[in-house]
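File shown: start-v8.cif. Contents: mmCIF, C-alpha atoms and all ligand atoms.
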data_my_file
#
loop_
_atom_site.label_atom_id
_atom_site.label_comp_id
_atom_site.auth_asym_id
_atom_site.auth_seq_id
_atom_site.Cartn_x
_atom_site.Cartn_y
_atom_site.Cartn_z
CA MET A 1 -37.67 1.01 -13.67
CA GLY A 2 -34.27 -0.59 -13.92
CA SER A 3 -31.92 1.92 -12.33
CA SER A 4 -28.95 0.33 -10.60
CA PHE A 5 -29.74 2.53 -7.57
CA HIS A 6 -33.15 0.96 -7.12
CA LEU A 7 -31.87 -2.57 -7.53
CA GLU A 8 -29.06 -2.17 -4.99
CA GLY A 9 -29.50 -4.48 -2.02
CA THR A 10 -32.17 -6.54 -3.80
CA PRO A 11 -31.76 -10.06 -5.16
CA TYR A 12 -31.74 -8.45 -8.60
CA ALA A 13 -28.71 -6.21 -8.03
CA ASP A 14 -26.63 -8.11 -10.57
CA ALA A 15 -29.35 -7.45 -13.13
CA ALA A 16 -28.81 -3.69 -12.85
CA TYR A 17 -28.36 -1.66 -16.01
CA PRO A 18 -28.37 2.09 -16.61
CA GLN A 19 -31.81 3.61 -16.55
CA VAL A 20 -32.48 5.57 -19.69
CA MET A 21 -36.24 5.96 -19.41
CA GLU A 22 -38.94 6.46 -16.83
CA THR A 23 -41.44 3.66 -16.50
CA TYR A 24 -44.40 5.65 -17.80
CA ASP A 25 -42.39 6.89 -20.77
CA ALA A 26 -41.36 3.34 -21.57
CA ILE A 27 -44.96 2.15 -21.44
CA MET A 28 -46.24 4.98 -23.61
CA THR A 29 -43.49 4.82 -26.22
CA ARG A 30 -43.11 1.03 -26.56
CA ARG A 31 -44.04 -0.26 -29.99
CA SER A 32 -43.76 -3.56 -31.74
CA VAL A 33 -40.56 -3.52 -33.78
CA GLY A 34 -40.46 -6.56 -36.03
CA LYS A 35 -37.52 -5.50 -38.19
CA THR A 36 -34.01 -5.90 -36.82
CA THR A 37 -30.42 -5.37 -37.96
CA GLY A 38 -29.59 -9.02 -37.38
CA GLU A 39 -26.95 -8.21 -34.75
CA ARG A 40 -27.50 -10.42 -31.69
CA PRO A 41 -27.85 -8.82 -28.24
CA ASP A 42 -25.65 -10.29 -25.50
CA LYS A 43 -26.81 -13.29 -23.51
CA ASP A 44 -26.97 -11.28 -20.26
CA VAL A 45 -29.29 -8.79 -21.96
CA ILE A 46 -31.66 -11.60 -22.96
CA LEU A 47 -31.48 -12.92 -19.40
CA LYS A 48 -32.45 -9.46 -18.11
CA LEU A 49 -35.57 -9.58 -20.27
CA ILE A 50 -36.48 -12.98 -18.84
CA ARG A 51 -35.81 -11.71 -15.32
CA ALA A 52 -38.23 -8.87 -16.04
CA ALA A 53 -40.77 -11.43 -17.25
CA VAL A 54 -40.58 -13.56 -14.11
CA ALA A 55 -40.95 -10.43 -11.95
CA ALA A 56 -44.58 -10.22 -13.13
CA PRO A 57 -47.39 -10.61 -10.63
CA ASN A 58 -48.88 -14.11 -10.47
CA HIS A 59 -51.71 -15.19 -8.18
CA HIS A 60 -50.80 -17.97 -5.69
CA LEU A 61 -47.22 -17.67 -6.98
CA THR A 62 -47.85 -20.44 -9.49
CA GLU A 63 -45.12 -19.17 -11.84
CA PRO A 64 -46.93 -20.48 -14.91
CA TRP A 65 -44.05 -20.05 -17.34
CA ARG A 66 -40.79 -21.29 -18.77
CA PHE A 67 -38.64 -19.90 -21.57
CA VAL A 68 -36.73 -21.30 -24.53
CA VAL A 69 -34.24 -18.92 -26.18
CA LEU A 70 -33.65 -19.62 -29.87
CA SER A 71 -30.75 -18.23 -31.87
CA GLY A 72 -28.38 -19.34 -34.63
CA SER A 73 -28.97 -22.91 -35.81
CA ALA A 74 -31.88 -23.30 -33.36
CA LEU A 75 -33.77 -20.59 -35.26
CA GLU A 76 -33.20 -22.46 -38.52
CA GLU A 77 -34.39 -25.72 -36.95
CA PHE A 78 -37.44 -23.92 -35.61
CA GLY A 79 -38.10 -22.52 -39.11
CA ASP A 80 -37.80 -26.05 -40.55
CA ALA A 81 -40.28 -27.45 -38.01
CA TRP A 82 -42.72 -24.61 -38.72
CA ALA A 83 -42.28 -25.08 -42.50
CA THR A 84 -42.98 -28.84 -42.20
CA GLY A 85 -46.18 -28.06 -40.32
CA ALA A 86 -47.21 -25.42 -42.85
CA GLU A 87 -46.62 -27.86 -45.72
CA ARG A 88 -48.70 -30.52 -43.98
CA GLU A 89 -51.49 -27.94 -43.82
CA GLY A 90 -51.13 -27.27 -47.55
CA LYS A 91 -49.39 -23.90 -47.12
CA ASP A 92 -46.20 -22.51 -48.62
CA PRO A 93 -43.22 -23.60 -46.46
CA ALA A 94 -41.02 -20.72 -47.65
CA GLY A 95 -42.77 -18.14 -45.44
CA PRO A 96 -42.08 -19.83 -42.09
CA LYS A 97 -38.38 -20.37 -42.86
CA GLU A 98 -38.01 -16.68 -43.63
CA LYS A 99 -40.12 -15.54 -40.68
CA ALA A 100 -38.13 -17.62 -38.21
CA LEU A 101 -35.05 -15.57 -39.12
CA ARG A 102 -36.55 -12.07 -38.85
CA ALA A 103 -34.64 -11.43 -35.62
CA PRO A 104 -31.43 -12.91 -34.19
CA VAL A 105 -33.19 -14.10 -31.03
CA ILE A 106 -36.63 -15.47 -30.24
CA ILE A 107 -37.66 -15.92 -26.64
CA VAL A 108 -40.36 -18.57 -26.66
CA VAL A 109 -42.70 -18.01 -23.74
CA ILE A 110 -44.20 -21.33 -22.72
CA GLU A 111 -47.16 -21.24 -20.39
CA ARG A 112 -47.62 -24.00 -17.84
CA PRO A 113 -51.07 -23.23 -16.42
CA LYS A 114 -51.67 -24.69 -12.97
CA GLY A 115 -55.49 -24.61 -13.03
CA HIS A 116 -55.52 -28.14 -11.56
CA LEU A 117 -54.16 -26.83 -8.23
CA PRO A 118 -56.56 -25.84 -5.43
CA LYS A 119 -57.77 -22.22 -5.67
CA VAL A 120 -55.94 -21.57 -8.95
CA ILE A 121 -58.15 -20.06 -11.67
CA GLU A 122 -56.96 -20.97 -15.15
CA VAL A 123 -57.66 -17.59 -16.78
CA GLU A 124 -55.53 -15.86 -14.14
CA GLU A 125 -52.60 -17.95 -15.32
CA HIS A 126 -53.06 -16.41 -18.78
CA TYR A 127 -53.16 -12.90 -17.28
CA ALA A 128 -49.93 -13.55 -15.42
CA VAL A 129 -48.17 -14.75 -18.55
CA GLY A 130 -49.47 -11.71 -20.44
CA ALA A 131 -48.01 -9.48 -17.74
CA ALA A 132 -44.71 -11.37 -17.95
CA MET A 133 -44.52 -10.89 -21.71
CA GLN A 134 -45.30 -7.19 -21.41
CA ASN A 135 -42.59 -6.84 -18.75
CA ALA A 136 -40.07 -8.34 -21.17
CA LEU A 137 -41.24 -6.06 -24.01
CA LEU A 138 -40.96 -2.97 -21.81
CA ALA A 139 -37.51 -3.94 -20.54
CA ALA A 140 -36.39 -4.50 -24.13
CA HIS A 141 -37.74 -1.11 -25.15
CA GLU A 142 -36.05 0.58 -22.22
CA MET A 143 -32.74 -0.94 -23.33
CA GLY A 144 -33.21 0.38 -26.88
CA LEU A 145 -33.82 -3.05 -28.37
CA ALA A 146 -36.31 -4.01 -31.07
CA ALA A 147 -38.85 -6.46 -29.69
CA MET A 148 -42.14 -7.86 -30.84
CA LEU A 149 -44.58 -10.43 -29.51
CA ARG A 150 -46.12 -12.76 -32.03
CA THR A 151 -48.34 -15.80 -31.87
CA GLY A 152 -49.78 -16.84 -35.26
CA PRO A 153 -49.78 -20.40 -36.64
CA ALA A 154 -46.42 -21.30 -35.06
CA ALA A 155 -48.07 -21.08 -31.64
CA HIS A 156 -50.38 -23.96 -32.58
CA ILE A 157 -48.54 -26.10 -35.13
CA LYS A 158 -47.75 -29.54 -33.74
CA GLU A 159 -44.30 -29.66 -35.36
CA CYS A 160 -43.35 -26.45 -33.49
CA HIS A 161 -44.65 -27.93 -30.23
CA ASP A 162 -42.60 -31.07 -30.82
CA PHE A 163 -39.50 -29.00 -31.59
CA LEU A 164 -40.01 -27.08 -28.34
CA GLU A 165 -40.67 -30.34 -26.45
CA LEU A 166 -43.92 -28.98 -25.07
CA GLY A 167 -45.39 -30.97 -22.19
CA ASP A 168 -48.98 -32.26 -22.23
CA HIS A 169 -50.40 -29.30 -20.33
CA GLU A 170 -48.17 -26.61 -21.76
CA LEU A 171 -48.91 -24.07 -24.48
CA VAL A 172 -46.95 -21.53 -26.48
CA ALA A 173 -48.02 -18.16 -25.06
CA GLY A 174 -45.96 -16.22 -27.57
CA TYR A 175 -42.75 -15.70 -29.45
CA ILE A 176 -40.86 -12.55 -28.48
CA SER A 177 -38.39 -11.62 -31.19
CA VAL A 178 -35.47 -9.51 -29.99
CA GLY A 179 -32.74 -7.64 -31.83
CA PHE A 180 -31.63 -4.10 -32.58
CA PRO A 181 -33.86 -1.71 -34.53
CA PRO A 182 -32.67 -0.72 -38.01
CA GLU A 183 -31.05 2.73 -38.19
CA GLY A 184 -33.67 5.47 -38.29
CA PHE A 185 -36.54 3.02 -37.80
CA LYS A 186 -39.80 4.81 -36.95
CA PRO A 187 -43.00 2.85 -36.32
CA GLY A 188 -46.27 4.20 -37.76
CA ALA A 189 -48.64 6.16 -35.53
CA PRO A 190 -50.29 3.98 -32.89
CA ARG A 191 -53.90 3.03 -33.66
CA LYS A 192 -55.38 2.89 -30.20
CA THR A 193 -58.77 4.06 -28.96
CA PRO A 194 -58.21 6.93 -26.48
CA ALA A 195 -58.54 5.79 -22.85
CA GLU A 196 -61.24 8.46 -22.32
CA GLU A 197 -63.54 6.67 -24.79
CA LEU A 198 -63.09 3.36 -23.00
CA THR A 199 -63.61 4.58 -19.45
CA GLU A 200 -66.74 5.16 -17.40
CA TRP A 201 -66.31 7.17 -14.20
CA ARG A 202 -68.79 6.33 -11.45
CA GLY A 203 -69.13 8.25 -8.18
CA TRP A 204 -66.25 10.49 -9.18
CA ASP A 205 -67.76 14.03 -9.39
CA GLU A 206 -70.00 13.80 -6.32
C1 LIG A 301 -50.93 -11.94 -27.60
C2 LIG A 301 -50.42 -11.16 -28.79
C3 LIG A 301 -50.14 -11.82 -29.97
C4 LIG A 301 -49.67 -11.11 -31.08
N1 LIG A 301 -49.41 -11.80 -32.24
C5 LIG A 301 -49.01 -11.13 -33.33
C6 LIG A 301 -48.75 -11.83 -34.55
O1 LIG A 301 -48.88 -13.05 -34.63
N2 LIG A 301 -48.36 -11.10 -35.63
C7 LIG A 301 -48.21 -9.74 -35.56
O2 LIG A 301 -47.89 -9.13 -36.57
N3 LIG A 301 -48.39 -9.06 -34.38
C8 LIG A 301 -48.79 -9.73 -33.29
N4 LIG A 301 -48.97 -9.05 -32.10
C9 LIG A 301 -48.57 -7.64 -32.00
C10 LIG A 301 -49.74 -6.71 -32.26
O3 LIG A 301 -50.07 -6.75 -33.62
C11 LIG A 301 -49.32 -5.28 -31.85
O4 LIG A 301 -49.07 -5.27 -30.47
C12 LIG A 301 -50.41 -4.28 -32.20
O5 LIG A 301 -50.48 -4.13 -33.58
C13 LIG A 301 -50.16 -2.92 -31.57
O6 LIG A 301 -48.94 -2.39 -31.97
P1 LIG A 301 -47.87 -1.93 -30.89
O7 LIG A 301 -47.38 -3.18 -30.18
O8 LIG A 301 -46.77 -1.28 -31.70
O9 LIG A 301 -48.53 -0.98 -29.94
C14 LIG A 301 -49.46 -9.73 -30.98
C15 LIG A 301 -49.74 -9.06 -29.77
C16 LIG A 301 -50.21 -9.77 -28.70
C17 LIG A 301 -50.51 -9.04 -27.40
#

Mind turning this structure into structure tokens?
Amino acid sequence: MGSSFHLEGTPYADAAYPQVMETYDAIMTRRSVGKTTGERPDKDVILKLIRAAVAAPNHHLTEPWRFVVLSGSALEEFGDAWATGAEREGKDPAGPKEKALRAPVIIVVIERPKGHLPKVIEVEEHYAVGAAMQNALLAAHEMGLAAMLRTGPAAHIKECHDFLELGDHELVAGYISVGFPPEGFKPGAPRKTPAEELTEWRGWDE
């Protein structure tokens, strides 16, 4: 994944960056990193994450996504919108304002499902967007960034939707926070059921 050699001669050549990890290693070592130093990654780095997202498979090439990158004052405005919504729901508005500023960048992944088109199956639009978000998380991990996907109340609060200027048929698929991991940051051990326990092999040992 991501070596400049492999991207040479492709439309993505200008997106090349040094490969520091094999794909499988990146998949197996990626973790959600919600804490960041506050230092903002460069714009071209954020664009590379979005390029990785839009490289995801999507049935009928519906491209059911668009992206809004929030940083600086936009993060504060987002926090204000979220806080207004929380207050309206009788919750403490302090939390959202703080949470909006946990990382220097949030990539808002907006899904535009095209289930109304012939042959397009709505749930497959969700799968495609999930794949896109995972692509971005893996690319971030490979580049040594801290990244985390969150949904939570901000994905549903009307004030957040208004701030993002969501269209009638759009939804917030997730918020990907991006920054640099704090020095010496180590995530806890992963709590995942081993693949062996989740897999049934049929017709394999015949
Ligand atoms: C669709 C989706 C939504 C998520 N939303 C949240 C969230 O709102 N808050 C949160 O703390 N983590 C959220 N997560 C991250 C998961 O908690 C995290 O992936 C899980 O704990 C496994 O940890 P890992 O990513 O380090 O393997 C979300 C993950 C996915 C896939």

- Find the residues around Lys91 in chain A up to 12 Å (only C-alpha atoms counted), leave out those fewer than 6 positions away in its own chain, and share them as a ChimeraX atom specification. /A:82-85,153

Output C-alpha atoms for every residue in that selection, as an mmCIF file, in the frame of the given file.
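Written out: selection28.cif:
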data_model
loop_
_atom_site.group_PDB
_atom_site.id
_atom_site.type_symbol
_atom_site.label_atom_id
_atom_site.label_comp_id
_atom_site.auth_asym_id
_atom_site.auth_seq_id
_atom_site.Cartn_x
_atom_site.Cartn_y
_atom_site.Cartn_z
ATOM 1 C CA TRP A 82 -42.720 -24.610 -38.720
ATOM 2 C CA ALA A 83 -42.280 -25.080 -42.500
ATOM 3 C CA THR A 84 -42.980 -28.840 -42.200
ATOM 4 C CA GLY A 85 -46.180 -28.060 -40.320
ATOM 5 C CA PRO A 153 -49.780 -20.400 -36.640
#

Neighbours of ligand LIG 301 (chain A) within 7 Å, counting only C-alpha atoms and all ligand atoms, as a VMD selection string? chain A and resid 30 to 33 148 to 152 174 190

Next on the checklist: For Asn135 in chain A, find every residue with an atom within 9 Å (counting only C-alpha atoms), except residues of its own chain fewer than 4 positions away, and show them as number ranges by chain.
Outcome noted: A: 49-50, 52-56, 130-131, 139-140

### Query
Using only C-alpha atoms, which residues sit within 8 Å of range 60-63 of chain A once same-chain residues fewer than 4 positions away are excluded, as a PyMOL selection string?
chain A and resi 54+114+120+125

Between CA of Ala155 in chain A and CA of Ile110 in chain A - distance in Å to one decimal: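 Distance between the two atoms: 9.7 Å.
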
Item to check | Polymer residues at most 12 Å from Leu164 in chain A, all atoms listed in the file, same-chain spacing of 4 or more positions, as number ranges by chain | outcome: A: 66-70, 74-75, 77-79, 81-82, 107-110, 154-160, 170-172, 175

ask   = Please, what distance in Å, to one decimal, runs between CA of Gly179 in chain A and CA of Ala147 in chain A?
value =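 CA of Gly179 in chain A sits 6.6 Å away from CA of Ala147 in chain A.
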
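Atom pair CA of Lys97 in chain A / CA of Asp80 in chain A has a distance of 6.2 Å (rounded to one decimal).
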
Using only C-alpha atoms, the shortest atom-to-atom distance to Leu137 in chain A among A:Thr37, A:His59, A:Lys48, A:Glu197 belongs to A:Lys48

If the box runs along x, y and z of the file and leaves 4 Å on each side of range 82-87 of chain A, what are its centre and edge lengths in Å, one decimal, as AutoDock Vina command-line options?
--center_x -44.7 --center_y -26.7 --center_z -42.2 --size_x 12.9 --size_y 12.2 --size_z 15.0

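Take the candidates A:Gly90, A:Pro64, A:Pro104, A:Pro118 and check each one against Lys43 in chain A using all atoms listed in the file; the shortest distance goes to A:Pro104.
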
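Closest approach to Ser71 in chain A among A:Trp204, A:Leu138, A:Met133, A:Leu101: A:Leu101, based on all atoms listed in the file.
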
Across A:Lys99, A:Pro93, A:Ile176, A:Thr29, the smallest distance to Ala189 in chain A, with only C-alpha atoms counted, is shown by A:Thr29

ask   = Looking at all atoms listed in the file, which of A:His141, A:Val178, A:Glu98, A:Val129 is the one that sits closest to Asp42 in chain A?
value =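 So, comparing all the options, the nearest one is A:Val178.
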
Within 12 Å of Gly38 in chain A, counting only C-alpha atoms, which residues show up once you throw out same-chain ones fewer than 5 positions away? Write them as a PDB file with C-alpha atoms, keeping the file's coordinate frame, please.
ATOM      1  CA  SER A  71     -30.750 -18.230 -31.870  1.00  0.00           C
ATOM      2  CA  GLY A  72     -28.380 -19.340 -34.630  1.00  0.00           C
ATOM      3  CA  LEU A 101     -35.050 -15.570 -39.120  1.00  0.00           C
ATOM      4  CA  ARG A 102     -36.550 -12.070 -38.850  1.00  0.00           C
ATOM      5  CA  ALA A 103     -34.640 -11.430 -35.620  1.00  0.00           C
ATOM      6  CA  PRO A 104     -31.430 -12.910 -34.190  1.00  0.00           C
ATOM      7  CA  VAL A 105     -33.190 -14.100 -31.030  1.00  0.00           C
ATOM      8  CA  ILE A 106     -36.630 -15.470 -30.240  1.00  0.00           C
ATOM      9  CA  LEU A 145     -33.820  -3.050 -28.370  1.00  0.00           C
ATOM     10  CA  ALA A 146     -36.310  -4.010 -31.070  1.00  0.00           C
ATOM     11  CA  SER A 177     -38.390 -11.620 -31.190  1.00  0.00           C
ATOM     12  CA  VAL A 178     -35.470  -9.510 -29.990  1.00  0.00           C
ATOM     13  CA  GLY A 179     -32.740  -7.640 -31.830  1.00  0.00           C
ATOM     14  CA  PHE A 180     -31.630  -4.100 -32.580  1.00  0.00           C
ATOM     15  CA  PRO A 181     -33.860  -1.710 -34.530  1.00  0.00           C
ATOM     16  CA  PRO A 182     -32.670  -0.720 -38.010  1.00  0.00           C
ATOM     17  CA  GLU A 183     -31.050   2.730 -38.190  1.00  0.00           C
TER      18      GLU A 183
END
